[in-house]
file my_file.pdb (PDB, C-alpha atoms)
ATOM      1  CA  MET M   1     -10.007  22.621  -6.041
ATOM      2  CA  HIS M   2      -6.394  22.150  -5.134
ATOM      3  CA  VAL M   3      -4.602  18.899  -4.441
ATOM      4  CA  SER M   4      -0.933  18.574  -3.726
ATOM      5  CA  ILE M   5       1.115  15.445  -4.387
ATOM      6  CA  THR M   6       3.604  16.458  -1.730
ATOM      7  CA  PRO M   7       2.399  16.594   1.864
ATOM      8  CA  GLU M   8       1.853  20.072   3.240
ATOM      9  CA  ILE M   9       4.225  21.283   5.942
ATOM     10  CA  ILE M  10       2.376  22.489   9.030
ATOM     11  CA  GLY M  11       5.302  23.616  11.144
ATOM     12  CA  HIS M  12       8.815  22.852  12.242
ATOM     13  CA  ILE M  13      10.240  21.178  15.297
ATOM     14  CA  GLY M  14      13.875  22.117  15.709
ATOM     15  CA  GLY M  15      14.455  22.412  11.974
ATOM     16  CA  MET M  16      12.634  19.184  11.034
ATOM     17  CA  PRO M  17       9.497  19.933   9.004
ATOM     18  CA  ILE M  18       6.286  18.446  10.395
ATOM     19  CA  THR M  19       3.853  17.473   7.656
ATOM     20  CA  ASN M  20       0.147  16.816   8.071
ATOM     21  CA  THR M  21       0.661  13.182   7.100
ATOM     22  CA  LEU M  22       3.234  12.829   9.872
ATOM     23  CA  ILE M  23       0.680  14.127  12.365
ATOM     24  CA  THR M  24      -1.832  11.593  11.039
ATOM     25  CA  SER M  25       0.556   8.650  11.287
ATOM     26  CA  VAL M  26       1.362   9.619  14.877
ATOM     27  CA  ILE M  27      -2.387   9.702  15.590
ATOM     28  CA  VAL M  28      -2.795   6.260  13.959
ATOM     29  CA  THR M  29       0.008   4.861  16.103
ATOM     30  CA  LEU M  30      -1.558   6.357  19.249
ATOM     31  CA  VAL M  31      -5.010   4.979  18.351
ATOM     32  CA  LEU M  32      -3.575   1.497  17.799
ATOM     33  CA  ALA M  33      -1.509   1.656  20.995
ATOM     34  CA  ILE M  34      -4.524   2.725  23.049
ATOM     35  CA  ILE M  35      -6.786   0.028  21.587
ATOM     36  CA  PHE M  36      -4.278  -2.754  22.161
ATOM     37  CA  PHE M  37      -3.410  -1.471  25.646
ATOM     38  CA  LEU M  38      -7.070  -1.379  26.674
ATOM     39  CA  ALA M  39      -7.657  -4.844  25.209
ATOM     40  CA  THR M  40      -4.819  -6.487  27.117
ATOM     41  CA  ARG M  41      -5.159  -4.633  30.427
ATOM     42  CA  ASN M  42      -6.944  -7.391  32.357
ATOM     43  CA  ILE M  43      -6.279 -10.382  30.173
ATOM     44  CA  LYS M  44      -8.707 -13.208  30.854
ATOM     45  CA  ASP M  45      -8.511 -16.760  29.597
ATOM     46  CA  VAL M  46     -12.041 -16.476  28.250
ATOM     47  CA  PRO M  47     -11.934 -13.192  26.312
ATOM     48  CA  ARG M  48     -14.805 -10.737  26.486
ATOM     49  CA  GLY M  49     -15.466  -7.367  24.909
ATOM     50  CA  LEU M  50     -12.517  -5.510  23.393
ATOM     51  CA  GLN M  51     -10.076  -8.338  24.134
ATOM     52  CA  ASN M  52     -12.398 -10.670  22.210
ATOM     53  CA  LEU M  53     -12.490  -8.371  19.191
ATOM     54  CA  VAL M  54      -8.731  -7.888  19.157
ATOM     55  CA  GLU M  55      -8.194 -11.637  19.545
ATOM     56  CA  LEU M  56     -10.507 -12.168  16.572
ATOM     57  CA  ILE M  57      -8.370  -9.877  14.422
ATOM     58  CA  ILE M  58      -5.085 -11.383  15.582
ATOM     59  CA  GLU M  59      -6.336 -14.943  15.173
ATOM     60  CA  SER M  60      -7.650 -14.389  11.645
ATOM     61  CA  LEU M  61      -4.352 -12.776  10.632
ATOM     62  CA  PHE M  62      -2.435 -15.635  12.239
ATOM     63  CA  ASN M  63      -4.461 -18.285  10.428
ATOM     64  CA  MET M  64      -4.098 -16.470   7.117
ATOM     65  CA  ILE M  65      -0.322 -16.273   7.543
ATOM     66  CA  ASP M  66      -0.232 -19.910   8.643
ATOM     67  CA  GLY M  67      -2.068 -20.852   5.462
ATOM     68  CA  VAL M  68       0.644 -19.244   3.329
ATOM     69  CA  THR M  69       3.717 -20.424   5.208
ATOM     70  CA  GLY M  70       2.514 -23.933   6.153
ATOM     71  CA  ASN M  71       5.135 -23.916   8.902
ATOM     72  CA  ARG M  72       4.182 -22.940  12.463
ATOM     73  CA  LYS M  73       7.700 -21.800  13.396
ATOM     74  CA  GLN M  74       7.943 -19.517  10.380
ATOM     75  CA  THR M  75       4.490 -18.154  11.133
ATOM     76  CA  TYR M  76       5.660 -17.095  14.594
ATOM     77  CA  GLN M  77       8.723 -15.443  13.011
ATOM     78  CA  PHE M  78       6.887 -13.582  10.268
ATOM     79  CA  PHE M  79       3.695 -12.713  12.118
ATOM     80  CA  PRO M  80       4.859  -9.537  13.938
ATOM     81  CA  LEU M  81       6.059  -7.739  10.813
ATOM     82  CA  VAL M  82       3.287  -8.868   8.468
ATOM     83  CA  ALA M  83       0.467  -8.286  10.959
ATOM     84  CA  THR M  84       1.843  -4.861  11.929
ATOM     85  CA  ILE M  85       2.064  -3.792   8.297
ATOM     86  CA  PHE M  86      -1.526  -4.948   7.735
ATOM     87  CA  ILE M  87      -2.957  -3.329  10.867
ATOM     88  CA  PHE M  88      -1.085  -0.044  10.377
ATOM     89  CA  ILE M  89      -2.032   0.333   6.711
ATOM     90  CA  ILE M  90      -5.694  -0.596   7.160
ATOM     91  CA  THR M  91      -6.064   1.681  10.187
ATOM     92  CA  SER M  92      -4.421   4.656   8.492
ATOM     93  CA  ASN M  93      -6.423   4.124   5.283
ATOM     94  CA  TRP M  94      -9.742   3.891   7.105
ATOM     95  CA  LEU M  95      -8.943   6.690   9.554
ATOM     96  CA  GLY M  96      -8.249   8.978   6.595
ATOM     97  CA  LEU M  97     -11.876   8.638   5.502
ATOM     98  CA  LEU M  98     -13.252  10.201   8.686
ATOM     99  CA  PRO M  99     -14.602  13.770   8.543
ATOM    100  CA  GLY M 100     -11.918  16.272   9.430
ATOM    101  CA  PHE M 101      -9.211  14.707   7.291
ATOM    102  CA  GLY M 102      -8.558  17.114   4.449
ATOM    103  CA  SER M 103     -11.225  19.560   5.600
ATOM    104  CA  LEU M 104      -9.901  20.999   8.881
ATOM    105  CA  GLY M 105      -7.056  23.379   8.236
ATOM    106  CA  PHE M 106      -5.924  26.909   7.620
ATOM    107  CA  TYR M 107      -5.168  29.206   4.725
ATOM    108  CA  GLU M 108      -1.627  30.031   3.742
ATOM    109  CA  ALA M 109      -0.401  32.681   1.317
ATOM    110  CA  ALA M 110       0.612  31.123  -1.991
ATOM    111  CA  LYS M 111       4.340  30.767  -2.452
ATOM    112  CA  GLU M 112       6.356  32.711  -5.002
ATOM    113  CA  GLY M 113       6.265  31.238  -8.475
ATOM    114  CA  ALA M 114       3.184  29.105  -7.770
ATOM    115  CA  SER M 115       0.659  28.926 -10.568
ATOM    116  CA  GLU M 116      -1.988  30.550  -8.338
ATOM    117  CA  GLU M 117      -0.141  33.769  -7.532
ATOM    118  CA  GLY M 118      -1.530  35.807  -4.673
ATOM    119  CA  ARG M 119      -4.374  33.351  -3.939
ATOM    120  CA  ALA M 120      -4.370  31.741  -0.502
ATOM    121  CA  VAL M 121      -3.842  27.980  -0.516
ATOM    122  CA  PHE M 122      -5.807  25.775   1.866
ATOM    123  CA  VAL M 123      -3.573  23.583   4.011
ATOM    124  CA  PRO M 124      -5.369  20.711   5.772
ATOM    125  CA  LEU M 125      -4.156  19.819   9.252
ATOM    126  CA  LEU M 126      -4.779  16.104   8.818
ATOM    127  CA  ARG M 127      -4.207  14.012   5.722
ATOM    128  CA  SER M 128      -4.293  10.263   5.172
ATOM    129  CA  ALA M 129      -0.890   8.916   6.150
ATOM    130  CA  ASN M 130      -0.453   6.735   3.093
ATOM    131  CA  SER M 131      -1.204   9.567   0.667
ATOM    132  CA  ASP M 132       2.393  10.607   1.314
ATOM    133  CA  LEU M 133       5.017   8.806  -0.758
ATOM    134  CA  ASN M 134       7.418   9.128   2.178
ATOM    135  CA  THR M 135       5.246   6.938   4.416
ATOM    136  CA  THR M 136       4.682   4.236   1.818
ATOM    137  CA  LEU M 137       8.338   4.269   0.797
ATOM    138  CA  ALA M 138       9.325   3.860   4.452
ATOM    139  CA  ILE M 139       7.079   0.818   4.877
ATOM    140  CA  ALA M 140       8.290  -0.589   1.541
ATOM    141  CA  ILE M 141      11.973  -0.207   2.439
ATOM    142  CA  THR M 142      11.312  -1.796   5.842
ATOM    143  CA  SER M 143       9.570  -4.710   4.151
ATOM    144  CA  VAL M 144      12.277  -5.336   1.528
ATOM    145  CA  VAL M 145      15.141  -4.988   4.026
ATOM    146  CA  ALA M 146      13.319  -7.360   6.407
ATOM    147  CA  VAL M 147      13.077  -9.919   3.583
ATOM    148  CA  GLN M 148      16.834  -9.702   2.976
ATOM    149  CA  ILE M 149      17.565 -10.042   6.701
ATOM    150  CA  ALA M 150      15.231 -13.042   6.985
ATOM    151  CA  GLY M 151      16.903 -14.693   4.008
ATOM    152  CA  ILE M 152      20.395 -14.128   5.407
ATOM    153  CA  ALA M 153      19.321 -15.325   8.863
ATOM    154  CA  ALA M 154      17.776 -18.500   7.480
ATOM    155  CA  LEU M 155      20.296 -19.452   4.803
ATOM    156  CA  GLY M 156      23.519 -17.704   5.749
ATOM    157  CA  VAL M 157      25.199 -14.827   3.916
ATOM    158  CA  PHE M 158      26.902 -16.851   1.184
ATOM    159  CA  LYS M 159      24.005 -19.142   0.336
ATOM    160  CA  TYR M 160      21.612 -16.219   0.227
ATOM    161  CA  GLY M 161      24.135 -14.071  -1.647
ATOM    162  CA  LYS M 162      24.399 -16.751  -4.335
ATOM    163  CA  LYS M 163      20.961 -15.676  -5.493
ATOM    164  CA  PHE M 164      22.406 -12.318  -6.520
ATOM    165  CA  ILE M 165      26.082 -12.891  -7.225
ATOM    166  CA  ASN M 166      26.486 -16.129  -9.136
ATOM    167  CA  PHE M 167      29.603 -16.750 -11.210
ATOM    168  CA  SER M 168      28.775 -20.311 -12.291
ATOM    169  CA  SER M 169      27.805 -19.225 -15.809
ATOM    170  CA  PRO M 170      27.278 -15.939 -17.736
ATOM    171  CA  ILE M 171      23.528 -16.501 -17.847
ATOM    172  CA  ASN M 172      23.354 -17.080 -14.099
ATOM    173  CA  PHE M 173      25.423 -13.930 -13.604
ATOM    174  CA  PHE M 174      22.855 -11.860 -15.468
ATOM    175  CA  VAL M 175      20.014 -13.575 -13.660
ATOM    176  CA  GLY M 176      21.715 -12.526 -10.420
ATOM    177  CA  ILE M 177      21.936  -8.914 -11.589
ATOM    178  CA  LEU M 178      18.272  -9.091 -12.568
ATOM    179  CA  GLU M 179      17.393 -10.371  -9.099
ATOM    180  CA  LEU M 180      19.163  -7.348  -7.597
ATOM    181  CA  VAL M 181      17.228  -4.998  -9.861
ATOM    182  CA  SER M 182      14.048  -6.870  -9.007
ATOM    183  CA  GLU M 183      14.592  -6.205  -5.290
ATOM    184  CA  ILE M 184      14.890  -2.462  -5.962
ATOM    185  CA  SER M 185      11.813  -2.590  -8.177
ATOM    186  CA  LYS M 186       9.907  -4.310  -5.369
ATOM    187  CA  MET M 187      10.584  -1.291  -3.162
ATOM    188  CA  ILE M 188       9.306   1.035  -5.867
ATOM    189  CA  SER M 189       6.264  -1.063  -6.727
ATOM    190  CA  PHE M 190       5.255  -1.535  -3.063
ATOM    191  CA  SER M 191       5.442   2.165  -2.342
ATOM    192  CA  PHE M 192       3.770   3.339  -5.540
ATOM    193  CA  ARG M 193       0.974   0.770  -5.376
ATOM    194  CA  LEU M 194      -0.087   1.918  -1.904
ATOM    195  CA  PHE M 195       0.608   5.603  -2.574
ATOM    196  CA  GLY M 196      -1.225   5.558  -5.915
ATOM    197  CA  ASN M 197      -4.297   3.847  -4.519
ATOM    198  CA  VAL M 198      -4.635   6.108  -1.473
ATOM    199  CA  PHE M 199      -3.725   9.349  -3.266
ATOM    200  CA  ALA M 200      -6.019   8.618  -6.215
ATOM    201  CA  GLY M 201      -8.777   7.732  -3.762
ATOM    202  CA  GLU M 202      -8.280  11.081  -2.038
ATOM    203  CA  ILE M 203      -8.537  12.948  -5.343
ATOM    204  CA  LEU M 204     -11.596  10.907  -6.337
ATOM    205  CA  LEU M 205     -13.357  11.839  -3.096
ATOM    206  CA  VAL M 206     -12.398  15.510  -3.441
ATOM    207  CA  VAL M 207     -13.724  15.617  -7.007
ATOM    208  CA  ILE M 208     -16.986  13.859  -6.145
ATOM    209  CA  MET M 209     -17.609  16.045  -3.122
ATOM    210  CA  THR M 210     -16.906  19.139  -5.220
ATOM    211  CA  LEU M 211     -19.441  18.040  -7.825
ATOM    212  CA  ALA M 212     -22.184  16.451  -5.689
ATOM    213  CA  PRO M 213     -21.583  16.657  -1.950
ATOM    214  CA  PHE M 214     -24.747  14.857  -0.826
ATOM    215  CA  ILE M 215     -25.624  11.135  -1.242
ATOM    216  CA  ALA M 216     -23.417  10.718  -4.340
ATOM    217  CA  PRO M 217     -20.113  10.260  -2.438
ATOM    218  CA  LEU M 218     -21.516   7.248  -0.530
ATOM    219  CA  PRO M 219     -20.587   4.532  -3.071
ATOM    220  CA  PHE M 220     -17.162   6.140  -3.429
ATOM    221  CA  PHE M 221     -16.609   5.983   0.317
ATOM    222  CA  ALA M 222     -17.590   2.313   0.161
ATOM    223  CA  LEU M 223     -15.048   1.862  -2.633
ATOM    224  CA  GLU M 224     -12.401   3.594  -0.545
ATOM    225  CA  LEU M 225     -13.158   1.324   2.438
ATOM    226  CA  PHE M 226     -12.752  -1.690   0.170
ATOM    227  CA  VAL M 227      -9.590  -0.347  -1.487
ATOM    228  CA  GLY M 228      -8.071   0.496   1.899
ATOM    229  CA  PHE M 229      -8.623  -3.072   3.072
ATOM    230  CA  ILE M 230      -7.373  -4.658  -0.155
ATOM    231  CA  GLN M 231      -4.192  -2.567  -0.277
ATOM    232  CA  ALA M 232      -3.368  -3.465   3.333
ATOM    233  CA  LEU M 233      -3.989  -7.118   2.483
ATOM    234  CA  VAL M 234      -1.895  -6.990  -0.691
ATOM    235  CA  PHE M 235       1.036  -5.241   0.991
ATOM    236  CA  SER M 236       1.164  -7.666   3.906
ATOM    237  CA  MET M 237       0.528 -10.781   1.809
ATOM    238  CA  LEU M 238       3.232  -9.812  -0.702
ATOM    239  CA  THR M 239       5.663  -9.185   2.152
ATOM    240  CA  LEU M 240       4.774 -12.609   3.522
ATOM    241  CA  VAL M 241       5.234 -14.327   0.160
ATOM    242  CA  PHE M 242       8.622 -12.660  -0.374
ATOM    243  CA  LEU M 243       9.673 -13.623   3.157
ATOM    244  CA  LYS M 244       8.641 -17.214   2.491
ATOM    245  CA  THR M 245      10.569 -17.424  -0.797
ATOM    246  CA  ALA M 246      13.617 -15.760   0.757
ATOM    247  CA  VAL M 247      13.975 -18.328   3.544
ATOM    248  CA  THR M 248      13.282 -21.273   1.251
ATOM    249  CA  ALA M 249      16.500 -22.777  -0.041
ATOM    250  CA  HIS M 250      16.915 -22.341  -3.768
ATOM    251  CA  VAL M 251      16.225 -25.632  -5.548
ATOM    252  CA  GLU M 252      18.945 -26.510  -8.034
ATOM    253  CA  HIS M 253      17.613 -27.340 -11.497
TER     254      HIS M 253
ATOM    255  CA  MET R 254       0.967  23.715 -29.216
ATOM    256  CA  GLU R 255       1.119  25.415 -25.836
ATOM    257  CA  VAL R 256       2.591  23.586 -22.902
ATOM    258  CA  ASP R 257      -0.682  23.678 -20.954
ATOM    259  CA  SER R 258      -2.686  22.024 -23.733
ATOM    260  CA  ALA R 259       0.032  19.436 -24.206
ATOM    261  CA  LYS R 260      -0.081  18.727 -20.467
ATOM    262  CA  LEU R 261      -3.830  18.125 -20.562
ATOM    263  CA  ILE R 262      -3.573  15.770 -23.511
ATOM    264  CA  ALA R 263      -0.610  14.000 -21.929
ATOM    265  CA  ALA R 264      -2.432  13.417 -18.640
ATOM    266  CA  ALA R 265      -5.509  12.051 -20.403
ATOM    267  CA  LEU R 266      -3.454   9.801 -22.676
ATOM    268  CA  ALA R 267      -1.332   8.543 -19.784
ATOM    269  CA  ILE R 268      -4.227   7.158 -17.806
ATOM    270  CA  GLY R 269      -6.362   6.249 -20.820
ATOM    271  CA  LEU R 270      -3.771   4.094 -22.545
ATOM    272  CA  GLY R 271      -2.311   2.939 -19.261
ATOM    273  CA  ALA R 272      -5.589   1.394 -18.180
ATOM    274  CA  LEU R 273      -5.903  -0.776 -21.315
ATOM    275  CA  GLY R 274      -3.364  -3.419 -20.348
ATOM    276  CA  PRO R 275      -4.384  -3.912 -16.732
ATOM    277  CA  GLY R 276      -8.058  -3.910 -17.712
ATOM    278  CA  LEU R 277      -7.433  -6.788 -20.117
ATOM    279  CA  GLY R 278      -5.197  -8.528 -17.604
ATOM    280  CA  ILE R 279      -7.734  -8.382 -14.798
ATOM    281  CA  GLY R 280     -10.468  -9.602 -17.136
ATOM    282  CA  ILE R 281      -8.396 -12.610 -18.186
ATOM    283  CA  LEU R 282      -7.503 -13.338 -14.544
ATOM    284  CA  GLY R 283     -11.137 -13.210 -13.484
ATOM    285  CA  GLY R 284     -12.221 -15.402 -16.361
ATOM    286  CA  LYS R 285      -9.612 -18.062 -15.663
ATOM    287  CA  ALA R 286     -10.437 -17.976 -11.964
ATOM    288  CA  MET R 287     -14.110 -18.499 -12.695
ATOM    289  CA  GLU R 288     -13.302 -21.406 -14.987
ATOM    290  CA  ALA R 289     -11.178 -22.938 -12.261
ATOM    291  CA  ILE R 290     -13.914 -22.502  -9.647
ATOM    292  CA  GLY R 291     -16.413 -24.043 -12.041
ATOM    293  CA  ARG R 292     -14.242 -27.108 -12.472
ATOM    294  CA  ASN R 293     -13.523 -27.469  -8.747
ATOM    295  CA  PRO R 294     -15.959 -25.588  -6.484
ATOM    296  CA  GLU R 295     -14.315 -27.001  -3.351
ATOM    297  CA  ALA R 296     -11.084 -25.094  -3.995
ATOM    298  CA  SER R 297     -12.924 -21.815  -4.511
ATOM    299  CA  GLY R 298     -11.480 -20.283  -1.307
ATOM    300  CA  LYS R 299      -7.881 -20.831  -2.391
ATOM    301  CA  ILE R 300      -8.581 -19.766  -5.966
ATOM    302  CA  GLN R 301     -10.300 -16.615  -4.769
ATOM    303  CA  SER R 302      -7.380 -15.575  -2.550
ATOM    304  CA  ALA R 303      -4.858 -16.212  -5.311
ATOM    305  CA  MET R 304      -7.044 -14.296  -7.755
ATOM    306  CA  ILE R 305      -7.318 -11.253  -5.479
ATOM    307  CA  LEU R 306      -3.540 -11.177  -5.059
ATOM    308  CA  ALA R 307      -2.933 -11.451  -8.804
ATOM    309  CA  ILE R 308      -5.543  -8.774  -9.540
ATOM    310  CA  ALA R 309      -3.819  -6.411  -7.102
ATOM    311  CA  PHE R 310      -0.555  -6.934  -8.995
ATOM    312  CA  ALA R 311      -2.206  -6.146 -12.329
ATOM    313  CA  GLU R 312      -4.001  -3.144 -10.860
ATOM    314  CA  ALA R 313      -0.688  -1.781  -9.591
ATOM    315  CA  ILE R 314       0.337  -1.144 -13.207
ATOM    316  CA  ALA R 315      -2.811   0.884 -13.755
ATOM    317  CA  ILE R 316      -2.015   2.779 -10.575
ATOM    318  CA  TYR R 317       1.466   3.626 -11.881
ATOM    319  CA  ALA R 318      -0.174   5.096 -15.004
ATOM    320  CA  LEU R 319      -2.589   7.038 -12.807
ATOM    321  CA  VAL R 320       0.262   8.429 -10.696
ATOM    322  CA  VAL R 321       2.068   9.563 -13.861
ATOM    323  CA  ALA R 322      -1.119  11.255 -15.069
ATOM    324  CA  LEU R 323      -1.566  12.975 -11.705
ATOM    325  CA  ILE R 324       2.048  14.138 -11.676
ATOM    326  CA  ILE R 325       1.660  15.572 -15.178
ATOM    327  CA  LYS R 326      -1.531  17.350 -14.191
ATOM    328  CA  PHE R 327      -0.623  18.673 -10.772
ATOM    329  CA  VAL R 328       3.149  19.137 -10.720
TER     330      VAL R 328
END
call {"tool": "encode", "arguments": {"input": "my_file.pdb", "output": "structure tokens"}}
result
Amino acid sequence: MHVSITPEIIGHIGGMPITNTLITSVIVTLVLAIIFFLATRNIKDVPRGLQNLVELIIESLFNMIDGVTGNRKQTYQFFPLVATIFIFIITSNWLGLLPGFGSLGFYEAAKEGASEEGRAVFVPLLRSANSDLNTTLAIAITSVVAVQIAGIAALGVFKYGKKFINFSSPINFFVGILELVSEISKMISFSFRLFGNVFAGEILLVVIMTLAPFIAPLPFFALELFVGFIQALVFSMLTLVFLKTAVTAHVEH
Amino acid sequence: MEVDSAKLIAAALAIGLGALGPGLGIGILGGKAMEAIGRNPEASGKIQSAMILAIAFAEAIAIYALVVALIIKFV
């Protein structure tokens, strides 16, 4: 049983390595694009079928975001980013549970210096997109940078910058430095929370299916479905909460 | 002690001890949330959403410990 923390490289395109998680995230994007294209092809005022289902998803997300912001204008501003993060993460988490992910692949000769010398290593062609720290770090950086941009757009550079660089008193100066560190730690915690959950879930499923491949994995797949949904929810809700606090003017004590 | 044995012990300790804090934290969160719902059943929707968010935060710490254990074991 072999698991690798780093994604496995399948090939190269012009010098850029193509990993199996990259292939999966492209597939997720295509699946989402196709679903939303089909749902909006002949838009009717009274939705039926796929358009109805998609509208249900969008409306629930919209109402949830509205509940947190309490401000219709802000909801319209934040909705695209937050909803996209939610839909992408939940789709890639759930897609990674389908048969074929982690099982379809090829054997590759073990590299020099590996602990399993001479034994061929199995390289899966498809692997859950969020089990790659690169993917989760990318979404996390996007989220944190978007929060900074929203704060600067809403409050202006100097008013927003006063949160971080504050010379009014030594204590406030250190609080500002701490806020800076806290922004970096948000990036790390976002990425590791999602990566840890998905990667650990992968390992859990591999272990269970190695020990008892029939019937026993079912509750663990249910757990993975639940975890996939919760992590998408947590990521998007946290992004929303940080966006909301960033555009809210700091109340002077 | 050989490196391999130390690695095994380290991985087990990392996740074992690392799950203590978050386990306690999530238990306290759940307990307080249930108290709050008991006092005010009408607000149970809001309390539940806030509880889930807070539990995800606490669980993240356990996940960090798990990632460290996995790195020790597999890297």
call {"tool": "interface_residues", "arguments": {"input": "my_file.pdb", "of": "chain R", "to": "chain M", "cutoff": "6 Å", "atoms": "only C-alpha atoms", "output": "PyMOL selection string"}}
result
chain R and resi 313+316+320
call {"tool": "resolve_selection", "arguments": {"input": "my_file.pdb", "expression": "the PyMOL selection byres ((chain M and resi 10) around 8)", "output": "list in words"}}
result
Glu8, Ile9, Gly11, His12, Pro17, Ile18, Thr19, Asn20, Val123 and Leu125 of chain M
call {"tool": "write_last_selection", "arguments": {"input": "my_file.pdb", "atoms": "C-alpha atoms", "output": "CSV table (one decimal), in the frame of the given file"}}
result
chain,number,residue,atom,x,y,z
M,8,GLU,CA,1.9,20.1,3.2
M,9,ILE,CA,4.2,21.3,5.9
M,11,GLY,CA,5.3,23.6,11.1
M,12,HIS,CA,8.8,22.9,12.2
M,17,PRO,CA,9.5,19.9,9.0
M,18,ILE,CA,6.3,18.4,10.4
M,19,THR,CA,3.9,17.5,7.7
M,20,ASN,CA,0.1,16.8,8.1
M,123,VAL,CA,-3.6,23.6,4.0
M,125,LEU,CA,-4.2,19.8,9.3
call {"tool": "residues_around", "arguments": {"input": "my_file.pdb", "residues": "Ala264 of chain R", "least_positions_apart": "5", "cutoff": "8 Å", "atoms": "all atoms listed in the file", "output": "ChimeraX atom specification"}}
result
/R:321-323,325-326
call {"tool": "atom_distance", "arguments": {"input": "my_file.pdb", "atom1": "atom CA of Ile139 of chain M", "atom2": "atom CA of Met187 of chain M"}}
result
9.0 Å
call {"tool": "atom_distance", "arguments": {"input": "my_file.pdb", "atom1": "atom CA of Asp132 of chain M", "atom2": "atom CA of Pro99 of chain M"}}
result
18.7 Å
call {"tool": "closest_residue", "arguments": {"input": "my_file.pdb", "among": "M:Leu204, M:Leu240, M:Val247, M:Leu126", "to": "Leu61 of chain M", "atoms": "all atoms listed in the file"}}
result
M:Leu240
call {"tool": "residues_around", "arguments": {"input": "my_file.pdb", "residues": "Val175 of chain M", "least_positions_apart": "5", "cutoff": "9 Å", "atoms": "all atoms listed in the file", "output": "compact mmCIF listing (two decimals) with C-alpha atoms, in the coordinates of the input"}}
result
# COMPACT_ATOMS: atom_id res chain seq x y z
CA LYS M 163 20.96 -15.68 -5.49
CA PHE M 164 22.41 -12.32 -6.52
CA ILE M 165 26.08 -12.89 -7.22
CA ASN M 166 26.49 -16.13 -9.14
CA PRO M 170 27.28 -15.94 -17.74
CA LEU M 180 19.16 -7.35 -7.60
call {"tool": "residues_around", "arguments": {"input": "my_file.pdb", "residues": "Ile57 of chain M", "least_positions_apart": "5", "cutoff": "12 Å", "atoms": "all atoms listed in the file", "output": "list in words"}}
result
Phe36, Ala39, Leu50, Gln51, Asn52, Phe62, Asn63, Met64, Ala83, Thr84, Phe86 and Ile87 of chain M
call {"tool": "atom_distance", "arguments": {"input": "my_file.pdb", "atom1": "atom CA of Ile149 of chain M", "atom2": "atom CA of Ile308 of chain R"}}
result
28.3 Å
call {"tool": "resolve_selection", "arguments": {"input": "my_file.pdb", "expression": "the PyMOL selection byres ((chain M and resi 206-208) around 10)", "output": "list in words"}}
result
Met1, His2, Val3, Gly102, Ser103, Ala200, Gly201, Glu202, Ile203, Leu204, Leu205, Met209, Thr210, Leu211, Ala212, Pro213, Phe214, Ala216, Pro217, Leu218 and Phe220 of chain M
call {"tool": "decode", "arguments": {"input": "my_file.pdb", "residues": "segment 128-140 of chain M", "atoms": "N, CA and C atoms", "output": "JSON list (two decimals), in the first residue's frame"}}
result
[["chain", "number", "residue", "atom", "x", "y", "z"],
["M", 128, "SER", "N", -8.01, 12.94, -6.44],
["M", 128, "SER", "CA", -8.84, 14.04, -5.99],
["M", 128, "SER", "C", -8.06, 15.35, -5.99],
["M", 129, "ALA", "N", -8.66, 16.38, -6.58],
["M", 129, "ALA", "CA", -7.92, 17.62, -6.82],
["M", 129, "ALA", "C", -7.44, 18.26, -5.53],
["M", 130, "ASN", "N", -8.25, 18.17, -4.46],
["M", 130, "ASN", "CA", -7.86, 18.84, -3.24],
["M", 130, "ASN", "C", -6.92, 18.02, -2.37],
["M", 131, "SER", "N", -6.51, 16.82, -2.84],
["M", 131, "SER", "CA", -5.53, 16.06, -2.08],
["M", 131, "SER", "C", -4.13, 16.53, -2.43],
["M", 132, "ASP", "N", -4.06, 17.63, -3.19],
["M", 132, "ASP", "CA", -2.79, 18.20, -3.61],
["M", 132, "ASP", "C", -2.67, 19.55, -2.92],
["M", 133, "LEU", "N", -1.60, 19.74, -2.14],
["M", 133, "LEU", "CA", -1.46, 20.99, -1.39],
["M", 133, "LEU", "C", -1.40, 22.18, -2.33],
["M", 134, "ASN", "N", -0.92, 21.95, -3.58],
["M", 134, "ASN", "CA", -0.86, 23.07, -4.52],
["M", 134, "ASN", "C", -2.24, 23.64, -4.80],
["M", 135, "THR", "N", -3.22, 22.74, -5.04],
["M", 135, "THR", "CA", -4.58, 23.20, -5.34],
["M", 135, "THR", "C", -5.16, 23.99, -4.18],
["M", 136, "THR", "N", -5.07, 23.41, -2.97],
["M", 136, "THR", "CA", -5.69, 24.08, -1.83],
["M", 136, "THR", "C", -4.98, 25.38, -1.51],
["M", 137, "LEU", "N", -3.64, 25.40, -1.69],
["M", 137, "LEU", "CA", -2.91, 26.64, -1.45],
["M", 137, "LEU", "C", -3.33, 27.70, -2.45],
["M", 138, "ALA", "N", -3.56, 27.27, -3.71],
["M", 138, "ALA", "CA", -3.98, 28.24, -4.73],
["M", 138, "ALA", "C", -5.32, 28.87, -4.35],
["M", 139, "ILE", "N", -6.29, 28.02, -3.94],
["M", 139, "ILE", "CA", -7.59, 28.57, -3.56],
["M", 139, "ILE", "C", -7.44, 29.46, -2.33],
["M", 140, "ALA", "N", -6.58, 29.04, -1.38],
["M", 140, "ALA", "CA", -6.41, 29.83, -0.16],
["M", 140, "ALA", "C", -5.82, 31.19, -0.46]]
